[in-house]
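A.B. asks: Attaching a single structure in structure tokens format; questions to follow.
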There are 2 protein chains.
Amino acid sequence: MGDFDWVRGFPLDFSGVDGSSKGAAPTVRRLSQMRGMYADADAEARAVADGGDPVVYEFYELGAPELPGDLAFGTSITYPGKVGSEYYMTKGHFHTILDTAEVYYTLSGEGCMLTESPEGDVVLHTLAPGKALYVPKRYAHRSVNTGGAPLVTFFVFRADAGHDYGTIETKGFRKLVLEGPDGRPRLADNPKWGGA
Amino acid sequence: MGDFDWVRGFPLDFSGVDGSSKGAAPTVRRLSQMRGMYADADAEARAVADGGDPVVYEFYELGAPELPGDLAFGTSITYPGKVGSEYYMTKGHFHTILDTAEVYYTLSGEGCMLTESPEGDVVLHTLAPGKALYVPKRYAHRSVNTGGAPLVTFFVFRADAGHDYGTIETKGFRKLVLEGPDGRPRLADNPKWGGA
């Protein structure tokens, strides 16, 4: 497992149903590893202490050579759930090389991709099976599961793009994706947003 | 159609069943556009003249900015069929920037990816639903449909990689993928191969 032939190529299974791979091991993110990222701190603390510290998402890192001519790829699986009224989501990140895009293809589940440029342009894209999503250069991106089943996407990005998680961990996204009173997703300002 | 927002991002539908997109137009390749690429010239000529010049494959070119930080993506649909005993296939190509990889995810159908380095290393990978394929830097690649239904893949590559079709059109691949006497695919030397 994890021993891939980046010189001569290789196939790798990724279930179109649940995103799992028999040939690789996922990285698992529990709620306690996202401390402070949800707006409702009390709900977050309760879910960690009393709720068994749930797995919020998983993804595959295959260890592609971090070269500009190479591509990293895998699946991302965001589980259904909420912290308070905020849907389960990934940490989200900018690429360290900001001028690099990312492409997603949704395999199952429903949700959205929250994207934001450094200048504050916020775009919320729908993720649905049978739809690709082009995340442009310069936009931070976070998967959000707004449905009742795992949200599974296949992703590809330039292998040297790098992940800048720190900016989002420090400042957050400008917007939150919350379940509204009608049970449907809505965008709200992030009261904790730490930007200038 | 074809008016995509490469600055702010966009979703685009690609059917997981047949690869088609309502939001984009495919490029269609008929057999007459592949003249000389199949080993059996007589069978090729008959299929063009008497067989209605069949569509062999289709793919989507969305016009991504040809920049090293950008990604081109879409679906490729190779139809089932044979010219003589040689399975329907795409033209195949090297990337003009040879040191760029490509990633595929098979959505439906069955087949293989014939890959070949300039030095003559030939690797045949299986394409099957629920499997990704990493095509490494430097390897020419050609999709081959060995099944009875359309072979549909979702692909991503660096948008400035470029397509060098000329080398394959001139020299061919070193190997062919033929239907053997047992009805199963087999690799055979390409008698027309024009390499040094």
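Residue numbers start at 1 in each chain; chains themselves are named A, B, ... in the order of the structure tokens; ligands are numbered from 1 in the order shown.
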Using only C-alpha atoms, find each residue of segment 96-157 of chain B with at least one atom at most 8 Å away from an atom of segment 53-76 of chain B; report its shortest atom-to-atom pair and that distance in Å (one decimal), sort the rows by chain and rising residue number, and return the result as a Markdown table.

C.D. replies:
| residue | atom | partner | partner_atom | distance |
| --- | --- | --- | --- | --- |
| B:Leu151 | CA | B:Ser76 | CA | 7.9 |
| B:Val152 | CA | B:Ser76 | CA | 5.7 |
| B:Thr153 | CA | B:Ser76 | CA | 5.3 |
| B:Phe154 | CA | B:Thr75 | CA | 4.4 |
| B:Phe155 | CA | B:Phe73 | CA | 5.4 |
| B:Val156 | CA | B:Phe73 | CA | 4.4 |
| B:Phe157 | CA | B:Ala72 | CA | 5.4 |

A.B. asks: Hey, can you spit out that residue selection with N, CA and C atoms as an mmCIF file, in the first residue's frame?

C.D. replies:
data_model
loop_
_atom_site.group_PDB
_atom_site.id
_atom_site.type_symbol
_atom_site.label_atom_id
_atom_site.label_comp_id
_atom_site.auth_asym_id
_atom_site.auth_seq_id
_atom_site.Cartn_x
_atom_site.Cartn_y
_atom_site.Cartn_z
ATOM 1 N N LEU B 151 -16.500 3.263 -23.881
ATOM 2 C CA LEU B 151 -15.502 3.403 -22.819
ATOM 3 C C LEU B 151 -15.420 4.889 -22.482
ATOM 4 N N VAL B 152 -15.806 5.235 -21.257
ATOM 5 C CA VAL B 152 -15.916 6.645 -20.861
ATOM 6 C C VAL B 152 -14.944 6.943 -19.731
ATOM 7 N N THR B 153 -14.045 7.887 -19.977
ATOM 8 C CA THR B 153 -13.098 8.293 -18.930
ATOM 9 C C THR B 153 -13.188 9.797 -18.695
ATOM 10 N N PHE B 154 -12.929 10.187 -17.452
ATOM 11 C CA PHE B 154 -12.772 11.598 -17.084
ATOM 12 C C PHE B 154 -11.268 11.833 -16.978
ATOM 13 N N PHE B 155 -10.777 12.879 -17.632
ATOM 14 C CA PHE B 155 -9.326 13.100 -17.669
ATOM 15 C C PHE B 155 -8.970 14.509 -17.201
ATOM 16 N N VAL B 156 -7.760 14.644 -16.673
ATOM 17 C CA VAL B 156 -7.229 15.949 -16.253
ATOM 18 C C VAL B 156 -5.741 15.995 -16.603
ATOM 19 N N PHE B 157 -5.327 17.098 -17.221
ATOM 20 C CA PHE B 157 -3.889 17.294 -17.467
ATOM 21 C C PHE B 157 -3.554 18.782 -17.378
#

A.B. asks: Show me, as a count of residues only, the residues of chain A whose atoms get within 8 Å of chain B, using only C-alpha atoms for the distance check.

C.D. replies: 36

A.B. asks: If we count only C-alpha atoms and set the cut-off at 9 Å, which residues sit around Glu169 of chain A, ignoring sequence neighbours fewer than 2 positions away in its own chain? Please answer as a PyMOL selection string.

C.D. replies: chain A and resi 34+36-37+91-93+165-167+171-173

A.B. asks: Write out, as a short mmCIF file (atom, residue, chain, number, x, y, z; two decimals), in the first residue's frame, the residues just selected, with N, CA and C atoms.

C.D. replies:
data_model
loop_
_atom_site.label_atom_id
_atom_site.label_comp_id
_atom_site.auth_asym_id
_atom_site.auth_seq_id
_atom_site.Cartn_x
_atom_site.Cartn_y
_atom_site.Cartn_z
N MET A 34 -9.97 19.92 14.09
CA MET A 34 -10.45 21.15 13.42
C MET A 34 -10.85 22.19 14.47
N GLY A 36 -11.84 25.03 16.67
CA GLY A 36 -12.00 26.46 16.41
C GLY A 36 -12.47 26.80 15.02
N MET A 37 -12.65 25.79 14.15
CA MET A 37 -13.02 26.11 12.78
C MET A 37 -14.53 26.24 12.58
N LYS A 91 -11.28 21.26 6.18
CA LYS A 91 -10.60 22.47 6.65
C LYS A 91 -10.57 23.53 5.56
N GLY A 92 -10.27 23.09 4.37
CA GLY A 92 -10.13 24.03 3.26
C GLY A 92 -8.75 24.65 3.27
N HIS A 93 -8.33 25.06 2.10
CA HIS A 93 -6.97 25.60 1.99
C HIS A 93 -6.81 26.38 0.70
N TYR A 165 -2.78 25.54 4.68
CA TYR A 165 -3.91 25.42 5.60
C TYR A 165 -3.90 26.57 6.62
N GLY A 166 -2.70 27.13 6.86
CA GLY A 166 -2.54 28.10 7.94
C GLY A 166 -3.40 29.34 7.79
N THR A 167 -3.50 29.84 6.57
CA THR A 167 -4.27 31.07 6.37
C THR A 167 -5.72 30.86 6.79
N LYS A 171 -7.48 32.71 9.85
CA LYS A 171 -8.49 33.74 9.52
C LYS A 171 -9.88 33.17 9.31
N GLY A 172 -9.95 31.91 8.89
CA GLY A 172 -11.24 31.35 8.49
C GLY A 172 -11.65 31.80 7.10
N PHE A 173 -12.76 31.25 6.64
CA PHE A 173 -13.39 31.76 5.42
C PHE A 173 -14.29 32.94 5.82
#

A.B. asks: Give the alpha helix (DSSP H) residues of segment 23-92 of chain B, as assigned by DSSP on the backbone, as a compact mmCIF listing (two decimals) with C-alpha atoms, in the first residue's frame.

C.D. replies:
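Here's the written file part_37.txt:
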# COMPACT_ATOMS: atom_id res chain seq x y z
CA ALA B 41 -5.63 -0.96 -44.32
CA ASP B 42 -8.24 -2.87 -46.32
CA ALA B 43 -10.61 -3.18 -43.37
CA GLU B 44 -10.11 0.51 -42.65
CA ALA B 45 -10.89 1.50 -46.25
CA ARG B 46 -14.01 -0.70 -46.35
CA ALA B 47 -15.32 0.72 -43.06
CA VAL B 48 -14.88 4.26 -44.38
CA ALA B 49 -16.31 3.63 -47.83

A.B. asks: Can you tell me how far atom CA of Ala39 of chain B sits from atom CA of Pro191 of chain B, in Å to one decimal?

C.D. replies: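 Computing the Euclidean distance for atom CA of Ala39 of chain B and atom CA of Pro191 of chain B yields 7.5 Å.
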
A.B. asks: Quote the spacing between atom CA of Pro118 of chain A and atom CA of Asp164 of chain A in Å to one decimal place.

C.D. replies: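 Going from atom CA of Pro118 of chain A over to atom CA of Asp164 of chain A, I get 12.4 Å.
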
A.B. asks: Report as a list in words all protein, DNA and RNA residues lying within 7 Å of Ala188 of chain A, evaluated on only C-alpha atoms, omitting residues in the same chain fewer than 4 positions from it.

C.D. replies: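 With the cut-off at 7 Å, the set is Lys175, Leu176, Val177 and Leu178 of chain A.
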
A.B. asks: As an MDAnalysis selection string, please: every residue in segment 5-118 of chain B that DSSP puts in strand (DSSP E or B).

C.D. replies: chainID B and resid 10:13 26:30 55:60 71:78 82:83 86:87 89 93:95 102:108 111:116

A.B. asks: Keeping N, CA and C atoms, export the residues of the selection given above as a short mmCIF file (atom, residue, chain, number, x, y, z; two decimals), in the first residue's frame.

C.D. replies:
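That gives us again24.cif:
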data_model
loop_
_atom_site.label_atom_id
_atom_site.label_comp_id
_atom_site.auth_asym_id
_atom_site.auth_seq_id
_atom_site.Cartn_x
_atom_site.Cartn_y
_atom_site.Cartn_z
N PHE B 10 -16.40 27.14 -12.31
CA PHE B 10 -17.69 26.73 -12.87
C PHE B 10 -17.88 25.23 -12.74
N PRO B 11 -19.15 24.81 -12.60
CA PRO B 11 -19.45 23.38 -12.67
C PRO B 11 -19.76 23.03 -14.13
N LEU B 12 -19.60 21.77 -14.45
CA LEU B 12 -19.97 21.31 -15.80
C LEU B 12 -20.37 19.85 -15.70
N ASP B 13 -21.52 19.54 -16.28
CA ASP B 13 -22.03 18.17 -16.22
C ASP B 13 -21.29 17.25 -17.19
N PRO B 26 -18.78 18.15 -27.94
CA PRO B 26 -17.62 17.28 -28.13
C PRO B 26 -16.95 17.47 -29.48
N THR B 27 -15.70 17.10 -29.54
CA THR B 27 -15.00 16.95 -30.80
C THR B 27 -15.16 15.49 -31.21
N VAL B 28 -15.59 15.28 -32.46
CA VAL B 28 -15.90 13.94 -32.94
C VAL B 28 -14.80 13.46 -33.90
N ARG B 29 -14.34 12.24 -33.68
CA ARG B 29 -13.33 11.67 -34.58
C ARG B 29 -13.91 10.47 -35.31
N ARG B 30 -14.04 10.62 -36.62
CA ARG B 30 -14.49 9.51 -37.46
C ARG B 30 -13.27 8.72 -37.97
N VAL B 55 -18.09 6.89 -36.31
CA VAL B 55 -17.47 7.68 -35.24
C VAL B 55 -16.72 6.71 -34.34
N VAL B 56 -15.44 6.93 -34.18
CA VAL B 56 -14.62 6.05 -33.34
C VAL B 56 -14.55 6.57 -31.92
N TYR B 57 -14.39 7.88 -31.78
CA TYR B 57 -14.36 8.44 -30.42
C TYR B 57 -14.74 9.91 -30.42
N GLU B 58 -15.03 10.40 -29.23
CA GLU B 58 -15.35 11.81 -29.01
C GLU B 58 -14.65 12.26 -27.74
N PHE B 59 -14.40 13.55 -27.65
CA PHE B 59 -13.83 14.09 -26.41
C PHE B 59 -14.16 15.57 -26.31
N TYR B 60 -13.97 16.09 -25.11
CA TYR B 60 -14.29 17.49 -24.86
C TYR B 60 -13.02 18.31 -24.70
N LEU B 71 -5.51 23.68 -15.47
CA LEU B 71 -5.81 22.28 -15.75
C LEU B 71 -6.87 22.19 -16.83
N ALA B 72 -6.64 21.32 -17.79
CA ALA B 72 -7.65 20.99 -18.79
C ALA B 72 -8.32 19.69 -18.35
N PHE B 73 -9.60 19.56 -18.61
CA PHE B 73 -10.30 18.37 -18.16
C PHE B 73 -11.50 18.12 -19.05
N GLY B 74 -12.05 16.92 -18.95
CA GLY B 74 -13.23 16.58 -19.73
C GLY B 74 -13.41 15.08 -19.75
N THR B 75 -14.25 14.63 -20.64
CA THR B 75 -14.44 13.20 -20.82
C THR B 75 -13.99 12.77 -22.21
N SER B 76 -13.62 11.52 -22.29
CA SER B 76 -13.25 10.89 -23.56
C SER B 76 -14.16 9.68 -23.70
N ILE B 77 -14.75 9.54 -24.88
CA ILE B 77 -15.71 8.45 -25.13
C ILE B 77 -15.22 7.68 -26.35
N THR B 78 -14.73 6.47 -26.12
CA THR B 78 -14.29 5.63 -27.24
C THR B 78 -15.35 4.56 -27.46
N LYS B 82 -14.26 -2.69 -33.98
CA LYS B 82 -12.92 -3.13 -34.40
C LYS B 82 -12.71 -2.77 -35.87
N VAL B 83 -11.47 -2.56 -36.24
CA VAL B 83 -11.07 -2.44 -37.64
C VAL B 83 -10.21 -3.68 -37.88
N GLU B 86 -8.39 -5.18 -34.80
CA GLU B 86 -7.83 -4.14 -33.92
C GLU B 86 -8.96 -3.32 -33.31
N TYR B 87 -8.94 -3.25 -32.02
CA TYR B 87 -10.03 -2.55 -31.31
C TYR B 87 -10.03 -1.05 -31.64
N MET B 89 -9.86 2.74 -31.06
CA MET B 89 -8.90 3.41 -30.17
C MET B 89 -8.86 4.89 -30.51
N HIS B 93 -1.34 10.29 -28.19
CA HIS B 93 -0.40 11.40 -28.34
C HIS B 93 0.59 11.42 -27.19
N PHE B 94 1.72 12.05 -27.46
CA PHE B 94 2.61 12.52 -26.40
C PHE B 94 2.14 13.92 -26.00
N HIS B 95 2.49 14.36 -24.80
CA HIS B 95 2.33 15.78 -24.50
C HIS B 95 3.52 16.53 -25.11
N GLU B 102 -0.80 12.77 -16.73
CA GLU B 102 -2.24 12.89 -16.94
C GLU B 102 -2.94 11.89 -16.01
N VAL B 103 -4.12 12.27 -15.53
CA VAL B 103 -4.86 11.39 -14.64
C VAL B 103 -6.23 11.10 -15.26
N TYR B 104 -6.62 9.84 -15.21
CA TYR B 104 -7.91 9.39 -15.72
C TYR B 104 -8.71 8.74 -14.61
N TYR B 105 -10.02 8.85 -14.73
CA TYR B 105 -10.91 8.06 -13.88
C TYR B 105 -11.96 7.46 -14.80
N THR B 106 -12.05 6.13 -14.83
CA THR B 106 -12.98 5.49 -15.75
C THR B 106 -14.39 5.52 -15.17
N LEU B 107 -15.31 6.04 -15.96
CA LEU B 107 -16.71 6.16 -15.52
C LEU B 107 -17.55 4.99 -15.97
N SER B 108 -17.31 4.48 -17.18
CA SER B 108 -18.06 3.30 -17.63
C SER B 108 -17.36 2.64 -18.80
N GLY B 111 -11.75 -1.33 -21.06
CA GLY B 111 -10.72 -1.19 -22.07
C GLY B 111 -9.37 -1.10 -21.45
N CYS B 112 -8.48 -0.46 -22.18
CA CYS B 112 -7.12 -0.31 -21.64
C CYS B 112 -6.51 0.96 -22.18
N MET B 113 -5.41 1.34 -21.54
CA MET B 113 -4.63 2.49 -21.97
C MET B 113 -3.28 1.97 -22.40
N LEU B 114 -3.00 2.13 -23.69
CA LEU B 114 -1.71 1.73 -24.22
C LEU B 114 -0.76 2.90 -24.04
N THR B 115 0.35 2.68 -23.35
CA THR B 115 1.30 3.77 -23.10
C THR B 115 2.69 3.34 -23.56
N GLU B 116 3.46 4.32 -23.95
CA GLU B 116 4.78 4.03 -24.53
C GLU B 116 5.70 5.22 -24.35
#
